[in-house]
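Novice: Okay, so here is structure.cif, and as you'll see once you scroll down, it has mmCIF, C-alpha atoms.
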data_model
loop_
_atom_site.label_atom_id
_atom_site.label_comp_id
_atom_site.auth_asym_id
_atom_site.auth_seq_id
_atom_site.Cartn_x
_atom_site.Cartn_y
_atom_site.Cartn_z
CA MET A 1 -34.61 125.49 114.35
CA SER A 2 -36.67 124.62 111.31
CA PHE A 3 -37.05 121.03 110.28
CA LEU A 4 -37.11 119.74 106.73
CA LYS A 5 -40.55 118.54 105.69
CA LEU A 6 -40.27 114.80 105.16
CA ASP A 7 -42.80 112.29 103.96
CA ALA A 8 -43.01 108.52 104.37
CA ARG A 9 -40.73 107.90 101.35
CA ASP A 10 -38.03 110.19 102.75
CA ILE A 11 -38.22 108.32 106.05
CA ALA A 12 -38.04 105.00 104.18
CA ILE A 13 -34.86 106.18 102.45
CA LEU A 14 -33.34 107.19 105.79
CA ARG A 15 -34.36 103.90 107.39
CA VAL A 16 -32.66 101.87 104.62
CA LEU A 17 -29.52 104.03 104.61
CA SER A 18 -29.19 103.85 108.40
CA THR A 19 -28.67 100.09 108.14
CA ASP A 20 -27.15 99.81 104.64
CA GLY A 21 -25.18 102.93 103.72
CA ARG A 22 -23.45 101.20 100.80
CA ILE A 23 -26.63 100.29 98.97
CA SER A 24 -26.63 101.34 95.32
CA LYS A 25 -29.01 104.10 94.28
CA SER A 26 -30.96 101.71 92.07
CA ALA A 27 -31.31 99.14 94.86
CA LEU A 28 -32.36 101.91 97.23
CA ALA A 29 -35.01 103.04 94.74
CA ASP A 30 -36.33 99.46 94.54
CA ARG A 31 -36.41 99.11 98.34
CA VAL A 32 -38.46 102.29 98.79
CA ASN A 33 -40.71 101.79 95.77
CA LEU A 34 -39.51 104.79 93.77
CA GLY A 35 -38.05 105.32 90.34
CA ALA A 36 -34.28 105.72 90.26
CA SER A 37 -34.45 109.38 89.25
CA ALA A 38 -37.02 110.35 91.89
CA CYS A 39 -35.10 108.45 94.55
CA GLY A 40 -31.84 110.13 93.51
CA ASP A 41 -33.50 113.55 93.71
CA ARG A 42 -34.79 112.83 97.21
CA LEU A 43 -31.39 111.52 98.29
CA ALA A 44 -29.67 114.66 96.96
CA ARG A 45 -32.24 116.83 98.80
CA LEU A 46 -31.66 114.96 102.07
CA GLU A 47 -27.88 115.28 101.69
CA SER A 48 -27.91 118.98 100.76
CA ALA A 49 -30.27 119.78 103.65
CA GLY A 50 -27.86 118.07 106.08
CA VAL A 51 -30.37 115.41 107.12
CA ILE A 52 -27.86 112.82 105.90
CA ALA A 53 -24.74 114.02 107.66
CA GLY A 54 -22.39 111.42 106.17
CA TYR A 55 -21.67 107.81 105.42
CA ARG A 56 -19.25 105.56 107.24
CA ALA A 57 -18.40 101.95 107.86
CA GLU A 58 -19.36 100.17 111.04
CA VAL A 59 -16.06 98.57 112.06
CA ALA A 60 -16.05 95.41 114.17
CA LEU A 61 -13.29 96.47 116.54
CA ARG A 62 -13.19 93.04 118.18
CA ARG A 63 -11.87 91.70 114.86
CA LEU A 64 -9.35 94.51 114.47
CA ALA A 65 -7.49 94.87 117.76
CA PRO A 66 -7.83 94.45 121.50
CA HIS A 67 -9.68 97.42 122.95
CA VAL A 68 -11.85 98.64 125.77
CA THR A 69 -14.86 100.95 125.63
CA VAL A 70 -15.37 103.15 128.64
CA PHE A 71 -18.18 105.56 129.45
CA VAL A 72 -17.31 108.42 131.77
CA MET A 73 -19.70 110.65 133.64
CA ALA A 74 -17.93 113.99 134.11
CA GLU A 75 -18.67 116.86 136.44
CA LEU A 76 -17.00 120.24 136.06
CA SER A 77 -15.83 122.42 138.93
CA SER A 78 -17.44 125.53 137.44
CA HIS A 79 -20.66 126.01 135.52
CA LYS A 80 -19.73 129.24 133.77
CA ALA A 81 -19.88 129.31 129.98
CA ALA A 82 -16.10 129.69 129.71
CA ALA A 83 -15.56 126.53 131.77
CA PHE A 84 -17.76 124.50 129.40
CA GLN A 85 -15.91 125.92 126.39
CA ILE A 86 -12.50 125.05 127.84
CA PHE A 87 -13.57 121.50 128.67
CA GLU A 88 -15.19 120.92 125.26
CA ALA A 89 -12.10 122.23 123.43
CA ALA A 90 -9.92 119.84 125.44
CA ILE A 91 -12.19 116.89 124.62
CA GLU A 92 -11.88 117.65 120.88
CA ARG A 93 -8.09 117.19 121.10
CA HIS A 94 -8.25 113.54 122.17
CA THR A 95 -9.06 111.01 119.44
CA GLU A 96 -9.74 108.27 121.99
CA ILE A 97 -12.82 110.22 123.04
CA THR A 98 -15.22 109.07 120.34
CA GLY A 99 -18.38 110.62 121.76
CA CYS A 100 -19.21 113.40 124.16
CA TRP A 101 -22.65 114.63 125.15
CA ALA A 102 -23.57 117.58 127.37
CA LEU A 103 -26.22 116.50 129.87
CA GLY A 104 -28.95 118.09 131.90
CA GLY A 105 -29.24 116.78 135.43
CA GLY A 106 -26.62 115.64 137.90
CA TYR A 107 -23.58 115.29 135.65
CA ASP A 108 -22.33 117.71 133.05
CA TYR A 109 -21.06 115.31 130.34
CA LEU A 110 -21.13 111.72 129.19
CA LEU A 111 -17.98 110.66 127.34
CA GLN A 112 -17.41 107.53 125.28
CA ILE A 113 -13.79 106.48 125.14
CA ILE A 114 -12.31 103.67 123.07
CA THR A 115 -8.71 102.78 123.75
CA ARG A 116 -6.35 99.79 123.88
CA ASP A 117 -6.73 98.88 127.53
CA ILE A 118 -7.49 100.20 131.00
CA ASP A 119 -3.92 101.45 131.43
CA SER A 120 -4.16 103.62 128.31
CA TYR A 121 -7.57 104.85 129.49
CA GLN A 122 -6.04 105.87 132.84
CA ARG A 123 -3.16 107.64 131.07
CA LEU A 124 -5.72 109.62 129.05
CA ILE A 125 -7.56 110.64 132.22
CA ASP A 126 -4.25 111.64 133.82
CA VAL A 127 -3.47 113.85 130.81
CA ILE A 128 -6.91 115.47 130.95
CA LEU A 129 -6.50 116.12 134.69
CA ALA A 130 -3.02 117.58 134.10
CA GLU A 131 -4.46 119.91 131.45
CA ARG A 132 -6.57 121.52 134.19
CA VAL A 133 -9.66 121.81 132.05
CA GLY A 134 -12.04 122.06 135.00
CA LEU A 135 -12.80 118.37 135.55
CA ALA A 136 -13.89 118.15 139.19
CA ARG A 137 -15.06 114.52 139.35
CA TYR A 138 -15.44 111.65 136.98
CA PHE A 139 -17.01 108.22 137.19
CA THR A 140 -15.76 105.37 135.02
CA TYR A 141 -17.96 102.62 133.58
CA VAL A 142 -16.22 99.88 131.59
CA VAL A 143 -18.31 98.19 128.90
CA THR A 144 -18.23 94.44 129.39
CA LYS A 145 -20.64 93.51 126.59
CA ALA A 146 -22.46 95.44 123.88
CA ILE A 147 -26.14 94.58 123.97
CA LYS A 148 -27.73 96.95 121.46
CA ASP A 149 -26.57 99.60 119.01
CA SER A 150 -29.40 100.49 116.64
CA PRO A 151 -30.34 103.13 114.10
CA PRO A 152 -32.74 105.85 115.30
CA PRO A 153 -36.42 104.92 115.82
CA PHE A 154 -37.72 106.82 112.79
CA ASP A 155 -41.31 105.74 113.39
CA ILE A 156 -41.27 107.43 116.79
CA LEU A 157 -39.28 110.51 115.81
CA HIS A 158 -41.19 111.50 112.71
CA PRO A 159 -44.96 111.19 112.31
CA SER A 160 -44.83 110.55 108.54
CA ALA A 161 -42.76 107.41 109.13
CA THR A 162 -45.96 105.44 109.64
CA ASP A 163 -48.02 106.99 106.79
#
Would you mind giving the structure from this file in C-alpha coordinates?

Specialist:
Amino acid sequence: MSFLKLDARDIAILRVLSTDGRISKSALADRVNLGASACGDRLARLESAGVIAGYRAEVALRRLAPHVTVFVMAELSSHKAAAFQIFEAAIERHTEITGCWALGGGYDYLLQIITRDIDSYQRLIDVILAERVGLARYFTYVVTKAIKDSPPPFDILHPSATD
(Lines of atoms letter the chains of each structure in order from A and count residues from 1; the text may use other names and numbers.)
(Lines give C-alpha, C1' and ligand atoms only; values in the text may rest on other atoms or scores of the structure.)
Protein backbone atom coordinates (compact mmCIF):
# COMPACT_ATOMS: atom_id res chain seq x y z
CA MET A 1 0.00 0.00 0.00
CA SER A 2 1.37 3.40 -0.88
CA PHE A 3 0.83 6.30 1.45
CA LEU A 4 0.10 9.85 0.42
CA LYS A 5 3.02 12.17 1.09
CA LEU A 6 1.87 14.59 3.77
CA ASP A 7 3.61 17.55 5.32
CA ALA A 8 3.07 19.34 8.62
CA ARG A 9 0.31 21.56 7.15
CA ASP A 10 -1.62 18.53 5.88
CA ILE A 11 -1.37 16.97 9.32
CA ALA A 12 -2.51 20.25 10.90
CA ILE A 13 -5.58 20.22 8.64
CA LEU A 14 -6.35 16.63 9.64
CA ARG A 15 -5.85 17.41 13.32
CA VAL A 16 -8.32 20.34 13.18
CA LEU A 17 -10.89 18.40 11.15
CA SER A 18 -10.71 15.39 13.48
CA THR A 19 -12.05 17.55 16.31
CA ASP A 20 -14.08 20.13 14.35
CA GLY A 21 -15.45 18.68 11.11
CA ARG A 22 -17.91 21.55 10.64
CA ILE A 23 -15.29 24.28 10.60
CA SER A 24 -15.58 26.61 7.62
CA LYS A 25 -12.84 26.49 5.00
CA SER A 26 -11.78 30.04 5.82
CA ALA A 27 -11.60 29.32 9.56
CA LEU A 28 -9.65 26.14 8.80
CA ALA A 29 -7.21 28.14 6.69
CA ASP A 30 -6.73 30.60 9.57
CA ARG A 31 -6.18 27.78 12.08
CA VAL A 32 -3.45 26.15 9.97
CA ASN A 33 -1.82 29.38 8.81
CA LEU A 34 -2.62 29.03 5.11
CA GLY A 35 -4.41 31.13 2.55
CA ALA A 36 -7.98 30.07 1.84
CA SER A 37 -7.18 28.90 -1.69
CA ALA A 38 -4.11 26.87 -0.69
CA CYS A 39 -5.99 25.33 2.22
CA GLY A 40 -8.93 24.46 -0.05
CA ASP A 41 -6.57 22.81 -2.53
CA ARG A 42 -4.98 20.72 0.22
CA LEU A 43 -8.39 19.77 1.58
CA ALA A 44 -9.57 18.68 -1.88
CA ARG A 45 -6.36 16.63 -2.32
CA LEU A 46 -6.85 14.91 1.05
CA GLU A 47 -10.49 14.13 0.22
CA SER A 48 -9.80 12.84 -3.31
CA ALA A 49 -6.94 10.66 -2.04
CA GLY A 50 -9.29 9.08 0.53
CA VAL A 51 -7.29 10.32 3.52
CA ILE A 52 -10.43 12.12 4.66
CA ALA A 53 -12.95 9.30 4.43
CA GLY A 54 -15.98 11.37 5.44
CA TYR A 55 -17.56 13.79 7.85
CA ARG A 56 -20.12 12.99 10.50
CA ALA A 57 -21.62 14.28 13.70
CA GLU A 58 -20.62 12.95 17.08
CA VAL A 59 -24.00 12.23 18.67
CA ALA A 60 -24.38 12.29 22.45
CA LEU A 61 -26.49 9.15 22.72
CA ARG A 62 -27.08 9.71 26.44
CA ARG A 63 -29.12 12.78 25.45
CA LEU A 64 -31.01 10.94 22.73
CA ALA A 65 -32.27 7.67 24.19
CA PRO A 66 -31.49 4.99 26.75
CA HIS A 67 -28.86 2.64 25.37
CA VAL A 68 -26.10 0.23 26.23
CA THR A 69 -22.72 -0.20 24.57
CA VAL A 70 -21.33 -3.70 24.60
CA PHE A 71 -17.98 -5.01 23.39
CA VAL A 72 -17.88 -8.65 22.36
CA MET A 73 -14.83 -10.80 21.87
CA ALA A 74 -15.76 -13.44 19.29
CA GLU A 75 -14.11 -16.71 18.41
CA LEU A 76 -15.05 -18.67 15.31
CA SER A 77 -15.30 -22.44 15.12
CA SER A 78 -13.30 -22.58 11.89
CA HIS A 79 -10.35 -20.54 10.67
CA LYS A 80 -10.81 -21.15 6.97
CA ALA A 81 -11.19 -18.12 4.70
CA ALA A 82 -14.80 -19.03 3.89
CA ALA A 83 -15.70 -19.06 7.60
CA PHE A 84 -14.35 -15.52 8.05
CA GLN A 85 -16.27 -14.34 4.97
CA ILE A 86 -19.54 -15.84 6.21
CA PHE A 87 -19.15 -14.28 9.65
CA GLU A 88 -18.19 -10.85 8.28
CA ALA A 89 -21.16 -10.86 5.87
CA ALA A 90 -23.49 -11.66 8.77
CA ILE A 91 -22.04 -8.83 10.88
CA GLU A 92 -22.71 -6.34 8.06
CA ARG A 93 -26.44 -7.17 8.20
CA HIS A 94 -26.91 -5.98 11.79
CA THR A 95 -27.06 -2.20 12.30
CA GLU A 96 -26.63 -2.57 16.07
CA ILE A 97 -23.08 -3.74 15.40
CA THR A 98 -21.40 -0.38 14.97
CA GLY A 99 -17.81 -1.60 14.84
CA CYS A 100 -16.07 -4.86 14.06
CA TRP A 101 -12.34 -5.50 13.97
CA ALA A 102 -10.50 -8.68 12.97
CA LEU A 103 -7.82 -9.45 15.55
CA GLY A 104 -4.55 -11.30 15.71
CA GLY A 105 -4.04 -13.32 18.85
CA GLY A 106 -6.47 -15.30 20.97
CA TYR A 107 -9.81 -14.04 19.67
CA ASP A 108 -10.87 -13.59 16.08
CA TYR A 109 -12.99 -10.41 16.31
CA LEU A 110 -13.86 -7.50 18.54
CA LEU A 111 -17.39 -6.18 18.03
CA GLN A 112 -18.90 -2.95 19.29
CA ILE A 113 -22.65 -3.13 19.73
CA ILE A 114 -24.97 -0.27 20.64
CA THR A 115 -28.54 -1.19 21.43
CA ARG A 116 -31.45 -0.21 23.70
CA ASP A 117 -30.75 -2.53 26.60
CA ILE A 118 -29.23 -5.85 27.63
CA ASP A 119 -32.36 -7.74 26.55
CA SER A 120 -32.11 -6.39 23.00
CA TYR A 121 -28.39 -7.20 23.01
CA GLN A 122 -29.16 -10.79 24.00
CA ARG A 123 -31.83 -11.05 21.28
CA LEU A 124 -29.22 -9.92 18.74
CA ILE A 125 -26.76 -12.57 19.94
CA ASP A 126 -29.53 -15.19 19.76
CA VAL A 127 -30.24 -14.20 16.15
CA ILE A 128 -26.54 -14.37 15.24
CA LEU A 129 -26.27 -17.82 16.86
CA ALA A 130 -29.40 -18.99 15.02
CA GLU A 131 -27.90 -17.81 11.73
CA ARG A 132 -25.12 -20.39 12.23
CA VAL A 133 -22.37 -18.09 11.02
CA GLY A 134 -19.60 -20.02 12.76
CA LEU A 135 -19.58 -18.24 16.13
CA ALA A 136 -18.06 -20.76 18.53
CA ARG A 137 -17.67 -18.61 21.66
CA TYR A 138 -18.25 -15.03 22.63
CA PHE A 139 -17.44 -12.93 25.66
CA THR A 140 -19.57 -9.93 26.57
CA TYR A 141 -18.23 -6.73 28.15
CA VAL A 142 -20.79 -4.05 29.04
CA VAL A 143 -19.50 -0.47 29.02
CA THR A 144 -20.31 1.19 32.32
CA LYS A 145 -18.58 4.51 31.66
CA ALA A 146 -16.80 6.05 28.68
CA ILE A 147 -13.41 7.33 29.77
CA LYS A 148 -11.73 8.41 26.54
CA ASP A 149 -12.64 8.63 22.86
CA SER A 150 -10.05 10.71 21.02
CA PRO A 151 -8.93 11.51 17.50
CA PRO A 152 -5.87 9.62 16.22
CA PRO A 153 -2.44 10.61 17.62
CA PHE A 154 -1.21 12.29 14.43
CA ASP A 155 2.12 13.27 15.98
CA ILE A 156 2.93 9.61 16.60
CA LEU A 157 1.52 8.22 13.36
CA HIS A 158 3.13 10.60 10.93
CA PRO A 159 6.66 12.00 11.29
CA SER A 160 5.86 15.33 9.59
CA ALA A 161 3.27 16.10 12.28
CA THR A 162 6.02 17.54 14.45
CA ASP A 163 7.93 19.46 11.73

Novice: Which residues, written as an NGL selection string, have at least one atom at most 10 Å from region 152-159 of chain A, with all atoms listed in the file counted and residues fewer than 6 positions away on the same chain left out?

Specialist: :A and (5-8 or 11-12 or 14-15 or 18)

Novice: Hey, what comes out of the PyMOL selection byres ((chain A and resi 28) around 12) on this file? Could you write it as a short mmCIF file (atom, residue, chain, number, x, y, z; two decimals) with C-alpha atoms, in the frame of the given file?

Specialist:
data_model
loop_
_atom_site.label_atom_id
_atom_site.label_comp_id
_atom_site.auth_asym_id
_atom_site.auth_seq_id
_atom_site.Cartn_x
_atom_site.Cartn_y
_atom_site.Cartn_z
CA ARG A 9 -40.73 107.90 101.35
CA ASP A 10 -38.03 110.19 102.75
CA ALA A 12 -38.04 105.00 104.18
CA ILE A 13 -34.86 106.18 102.45
CA LEU A 14 -33.34 107.19 105.79
CA ARG A 15 -34.36 103.90 107.39
CA VAL A 16 -32.66 101.87 104.62
CA LEU A 17 -29.52 104.03 104.61
CA SER A 18 -29.19 103.85 108.40
CA THR A 19 -28.67 100.09 108.14
CA ASP A 20 -27.15 99.81 104.64
CA GLY A 21 -25.18 102.93 103.72
CA ARG A 22 -23.45 101.20 100.80
CA ILE A 23 -26.63 100.29 98.97
CA SER A 24 -26.63 101.34 95.32
CA LYS A 25 -29.01 104.10 94.28
CA SER A 26 -30.96 101.71 92.07
CA ALA A 27 -31.31 99.14 94.86
CA ALA A 29 -35.01 103.04 94.74
CA ASP A 30 -36.33 99.46 94.54
CA ARG A 31 -36.41 99.11 98.34
CA VAL A 32 -38.46 102.29 98.79
CA ASN A 33 -40.71 101.79 95.77
CA LEU A 34 -39.51 104.79 93.77
CA GLY A 35 -38.05 105.32 90.34
CA ALA A 36 -34.28 105.72 90.26
CA SER A 37 -34.45 109.38 89.25
CA ALA A 38 -37.02 110.35 91.89
CA CYS A 39 -35.10 108.45 94.55
CA GLY A 40 -31.84 110.13 93.51
CA ARG A 42 -34.79 112.83 97.21
CA LEU A 43 -31.39 111.52 98.29
#

Novice: Mind giving me the straight-line distance from CA of Asp117 (chain A) to CA of Phe84 (chain A) in Å, one decimal?

Specialist: 28.0 Å

Novice: Apply the PyMOL selection byres ((chain A and resi 96) around 12) to the structure shown and report the selected residues as a list of chain:residue names.

Specialist: A:His67, A:Val68, A:Thr69, A:Val70, A:Phe71, A:Ile91, A:Glu92, A:Arg93, A:His94, A:Thr95, A:Ile97, A:Thr98, A:Gly99, A:Cys100, A:Leu111, A:Gln112, A:Ile113, A:Ile114, A:Thr115, A:Arg116, A:Asp117, A:Ser120, A:Tyr121, A:Gln122, A:Arg123, A:Leu124, A:Ile125, A:Ile128

Novice: Which value, in Å to one decimal, gives the distance between CA of Trp101 (chain A) and CA of Arg45 (chain A)?

Specialist: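 These atoms are spaced 28.1 Å apart.
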
Novice: So how many Å separate CA of Ile147 (chain A) and CA of Asp119 (chain A), to one decimal?

Specialist: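 CA of Ile147 (chain A) sits 24.4 Å away from CA of Asp119 (chain A).
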